[in-house]
Amino acid sequence: MEDIKAYIESGILELYVLGDVTQEEKLQVEAMAAKHPAVKAELEEIERAMEQYADENAIGPSGELRARVLNSLVTNLADDRNFSRIVDPQANNIIPIRRADRSAFFKYAFAACFVLLIVSVVALINAYHKLNDSNALIASLQNQTQRYSNTVSLKDSEIGVLRDPTFKMLRMKGTTKSPASALTVAWSPVKKKVWIDMATADMPANDKAHQYQLWAMVGGKPVSLGVFNADTASKDMVEMEPTPSADAFAVTLEPRGGSPTPTMDEMMVIGKF
Amino acid sequence: MARKRKISLSEEELVRALRNREKVAAEALYDMYSASLFGVISRIVTDAAEAEDVLQETFVKIWNSFASYSPDKGRLFTWMVNIARNLAIDKIRSRDFKNQSKNQDLENTVNSIDEQRNTAYKPELLGIKELVETLKPEQKSILDLVYFKGYTHVEAADELGIPLGTIKTRLRMAIIQLRKYFN
């Protein structure tokens, strides 16, 4: 018992409570306390005294520190079943909704773009076809216009021939070779122009290997005024090559393209002024 | 010990609740001991913001390593105040490396801390003057050096130029005075 008293009075228990002992001394004090109730009681007394002394010297930390410390314990808490409410339910809800909104937005935007694209392509194809039709129409109209214009200009010329008093009309008659044939030629010595009138022509149709050739007799010599075809469809007047003078006109059937001199045997019609 | 607290549990209840890691235990722990622990920390770490950081670290460490506390080996507060003191000393040692010139001596520190802070002593603690008178100055300086400043008794002997045996005796006498005073 004296040993215990000496141990208590050695001051080691105070140092133990003050945390000022080696690991070895610490284990020794704990062993002594476990073995001797008196040591344990003395320790308890010292601890209470120091606890109260600390309480006397207490300093209250700032008010906001309480929440900070408790929150830091929350985040350090492995088992957080008591703190589940700390998790902000709003944050938990908002994020997935936002995501859904966003993906829905892009989905609808993509669908809208796709529909627009299809509509645009269809409209473009339609427009393309219409444009093609219009172009074809314009081309045919231009063609027609050109034809009308040509016809008008030809008729103009024909009318010009008829109205021009300088033109002389000569009806060539068939020869013995072709007594039924006839062809009217109009010639203006002033303008040197020569026309033949297919509408009143009475010529057998030529084959592909042959063409009719018009001749002017100038001072007894034949001068070629060009070749022409005869068929039942042709109703126009045809302008031939010009000649300043002519005593007579004649038409011969020549090989296609004409001959430099007339083949007298093939003379179809002839007429003299 | 009639201090009014927000949450107060008996030590046995508190220990049980802490073991179960109940939220109320964390709150009670803070409400019951933050001021006492902060008093110790503040006398070692003089910067208020740093002292609060240390207090936070202290509670985190208490909470996380609570499994290593055993009531058989002593009271809860004894275990906690050692954690607080060691963290506070770690803090100033890392800082004192940088500015050793700013060290102050102990009495000055304790007094200036008490002056700087609004240490709102509770009316029921008006006996503090009596307590101070209870302890002789040489007892108080040694006790505070070891308890509040984290000196070992060997360092305190060096600091005060007093033999080790005398240090131990004065410490014991100081604590016996406190025991008498509180009883």
# chains A, B, ... in the order shown; residues from 1 in each chain; ligands from 1

$ residues_around --residues "region 148-155 of chain A" --least-positions-apart "3" --cutoff "9 Å" --atoms "only C-alpha atoms" --output "PyMOL selection string"
chain A and resi 143-145+158-160+236-238

$ write_last_selection --atoms "N, CA and C atoms" --output "CSV table (one decimal), in the first residue's frame"
chain,number,residue,atom,x,y,z
A,143,ASN,N,-38.2,28.4,-131.2
A,143,ASN,CA,-38.1,27.7,-132.5
A,143,ASN,C,-39.3,28.1,-133.4
A,144,GLN,N,-40.5,28.1,-132.8
A,144,GLN,CA,-41.7,28.4,-133.5
A,144,GLN,C,-41.6,29.9,-134.0
A,145,THR,N,-41.2,30.7,-133.0
A,145,THR,CA,-41.1,32.1,-133.4
A,145,THR,C,-40.1,32.3,-134.6
A,158,GLU,N,-41.7,37.4,-150.9
A,158,GLU,CA,-42.6,36.9,-152.0
A,158,GLU,C,-43.5,38.1,-152.4
A,159,ILE,N,-44.1,38.7,-151.3
A,159,ILE,CA,-45.0,39.9,-151.6
A,159,ILE,C,-44.3,41.0,-152.2
A,160,GLY,N,-43.0,41.2,-151.8
A,160,GLY,CA,-42.1,42.2,-152.4
A,160,GLY,C,-41.9,42.0,-153.8
A,236,ASP,N,-43.4,27.4,-151.6
A,236,ASP,CA,-42.8,28.7,-151.5
A,236,ASP,C,-42.2,29.2,-152.8
A,237,MET,N,-41.9,30.5,-152.8
A,237,MET,CA,-41.0,31.0,-153.8
A,237,MET,C,-39.6,30.8,-153.4
A,238,VAL,N,-38.7,30.5,-154.3
A,238,VAL,CA,-37.3,30.3,-154.0
A,238,VAL,C,-36.4,31.3,-154.7

$ interface_residues --of "chain A" --to "chain B" --cutoff "6 Å" --atoms "only C-alpha atoms" --output "list in words"
Gly11, Asp20, Ala49, Ala54, Asp55, Asn57, Ala58, Ile59, Gly60, Val69 and Leu73 of chain A

$ write_last_selection --atoms "C-alpha atoms" --output "PDB file, in the first residue's frame"
ATOM      1  CA  GLY A  11       3.548  12.838  -9.993  1.00  0.00           C
ATOM      2  CA  ASP A  20       3.443  14.105 -20.961  1.00  0.00           C
ATOM      3  CA  ALA A  49      -9.752  18.670 -12.091  1.00  0.00           C
ATOM      4  CA  ALA A  54     -10.045  23.688 -19.047  1.00  0.00           C
ATOM      5  CA  ASP A  55     -13.698  24.557 -18.678  1.00  0.00           C
ATOM      6  CA  ASN A  57     -10.426  28.682 -19.305  1.00  0.00           C
ATOM      7  CA  ALA A  58     -12.861  27.895 -22.094  1.00  0.00           C
ATOM      8  CA  ILE A  59     -13.135  30.231 -25.055  1.00  0.00           C
ATOM      9  CA  GLY A  60     -16.212  29.992 -27.212  1.00  0.00           C
ATOM     10  CA  VAL A  69     -17.190  21.518 -38.063  1.00  0.00           C
ATOM     11  CA  LEU A  73     -17.841  15.479 -39.782  1.00  0.00           C
TER      12      LEU A  73
END

$ select_by_dssp --residues "region 14-171 of chain A" --states "helix (DSSP H, G or I)" --output "PyMOL selection string"
chain A and resi 14-17+23-35+37-56+64-75+81-86+89-163

$ atom_distance --atom1 "CA of Lys193 (chain A)" --atom2 "CA of Phe167 (chain A)"
8.4 Å

$ closest_residue --among "A:His36, A:His210, A:Lys107, A:Lys177" --to "Gly257 (chain A)" --atoms "only C-alpha atoms"
A:His210

$ residues_around --residues "Lys91 (chain B)" --least-positions-apart "2" --cutoff "9 Å" --atoms "only C-alpha atoms" --output "ChimeraX atom specification"
/B:44-45,50-51,54,86-89,93-96

$ atom_distance --atom1 "CA of Met198 (chain A)" --atom2 "CA of Ser140 (chain A)"
28.0 Å

$ atom_distance --atom1 "CA of Asp156 (chain A)" --atom2 "CA of Gly226 (chain A)"
22.0 Å

$ closest_residue --among "A:Glu14, A:Arg66, A:Ser120, A:Pro61" --to "Arg48 (chain A)" --atoms "only C-alpha atoms"
A:Glu14

$ residues_around --residues "Phe66 (chain B)" --least-positions-apart "5" --cutoff "9 Å" --atoms "only C-alpha atoms" --output "list in words"
Val15, Leu18, Arg19 and Lys61 of chain B

$ write_last_selection --atoms "C-alpha atoms" --output "compact mmCIF listing (two decimals), in the first residue's frame"
# COMPACT_ATOMS: atom_id res chain seq x y z
CA VAL B 15 -19.64 7.68 -25.85
CA LEU B 18 -20.39 8.41 -30.79
CA ARG B 19 -19.70 4.71 -31.25
CA LYS B 61 -9.86 13.36 -35.78

$ decode --residues "region 147-158 of chain A" --atoms "N, CA and C atoms" --output "PDB file, in the first residue's frame"
ATOM      1  N   ARG A 147     -39.449  30.140-136.756  1.00  0.00           N
ATOM      2  CA  ARG A 147     -40.096  29.620-137.966  1.00  0.00           C
ATOM      3  C   ARG A 147     -41.072  30.641-138.522  1.00  0.00           C
ATOM      4  N   TYR A 148     -41.860  31.215-137.611  1.00  0.00           N
ATOM      5  CA  TYR A 148     -42.823  32.245-138.038  1.00  0.00           C
ATOM      6  C   TYR A 148     -42.102  33.410-138.654  1.00  0.00           C
ATOM      7  N   SER A 149     -41.025  33.763-137.946  1.00  0.00           N
ATOM      8  CA  SER A 149     -40.260  34.915-138.411  1.00  0.00           C
ATOM      9  C   SER A 149     -39.695  34.641-139.800  1.00  0.00           C
ATOM     10  N   ASN A 150     -39.161  33.417-139.949  1.00  0.00           N
ATOM     11  CA  ASN A 150     -38.639  33.035-141.276  1.00  0.00           C
ATOM     12  C   ASN A 150     -39.744  33.078-142.326  1.00  0.00           C
ATOM     13  N   THR A 151     -40.875  32.473-141.932  1.00  0.00           N
ATOM     14  CA  THR A 151     -42.005  32.426-142.864  1.00  0.00           C
ATOM     15  C   THR A 151     -42.448  33.835-143.238  1.00  0.00           C
ATOM     16  N   VAL A 152     -42.556  34.670-142.202  1.00  0.00           N
ATOM     17  CA  VAL A 152     -43.012  36.037-142.438  1.00  0.00           C
ATOM     18  C   VAL A 152     -42.048  36.757-143.365  1.00  0.00           C
ATOM     19  N   SER A 153     -40.735  36.540-143.060  1.00  0.00           N
ATOM     20  CA  SER A 153     -39.752  37.251-143.876  1.00  0.00           C
ATOM     21  C   SER A 153     -39.772  36.730-145.318  1.00  0.00           C
ATOM     22  N   LEU A 154     -40.036  35.421-145.450  1.00  0.00           N
ATOM     23  CA  LEU A 154     -40.137  34.832-146.800  1.00  0.00           C
ATOM     24  C   LEU A 154     -41.362  35.382-147.534  1.00  0.00           C
ATOM     25  N   LYS A 155     -42.489  35.392-146.777  1.00  0.00           N
ATOM     26  CA  LYS A 155     -43.730  35.900-147.390  1.00  0.00           C
ATOM     27  C   LYS A 155     -43.560  37.360-147.776  1.00  0.00           C
ATOM     28  N   ASP A 156     -42.823  38.053-146.911  1.00  0.00           N
ATOM     29  CA  ASP A 156     -42.524  39.450-147.174  1.00  0.00           C
ATOM     30  C   ASP A 156     -41.806  39.585-148.512  1.00  0.00           C
ATOM     31  N   SER A 157     -40.781  38.707-148.642  1.00  0.00           N
ATOM     32  CA  SER A 157     -40.005  38.735-149.883  1.00  0.00           C
ATOM     33  C   SER A 157     -40.891  38.406-151.074  1.00  0.00           C
ATOM     34  N   GLU A 158     -41.726  37.373-150.892  1.00  0.00           N
ATOM     35  CA  GLU A 158     -42.639  36.945-151.972  1.00  0.00           C
ATOM     36  C   GLU A 158     -43.543  38.097-152.363  1.00  0.00           C
TER      37      GLU A 158
END
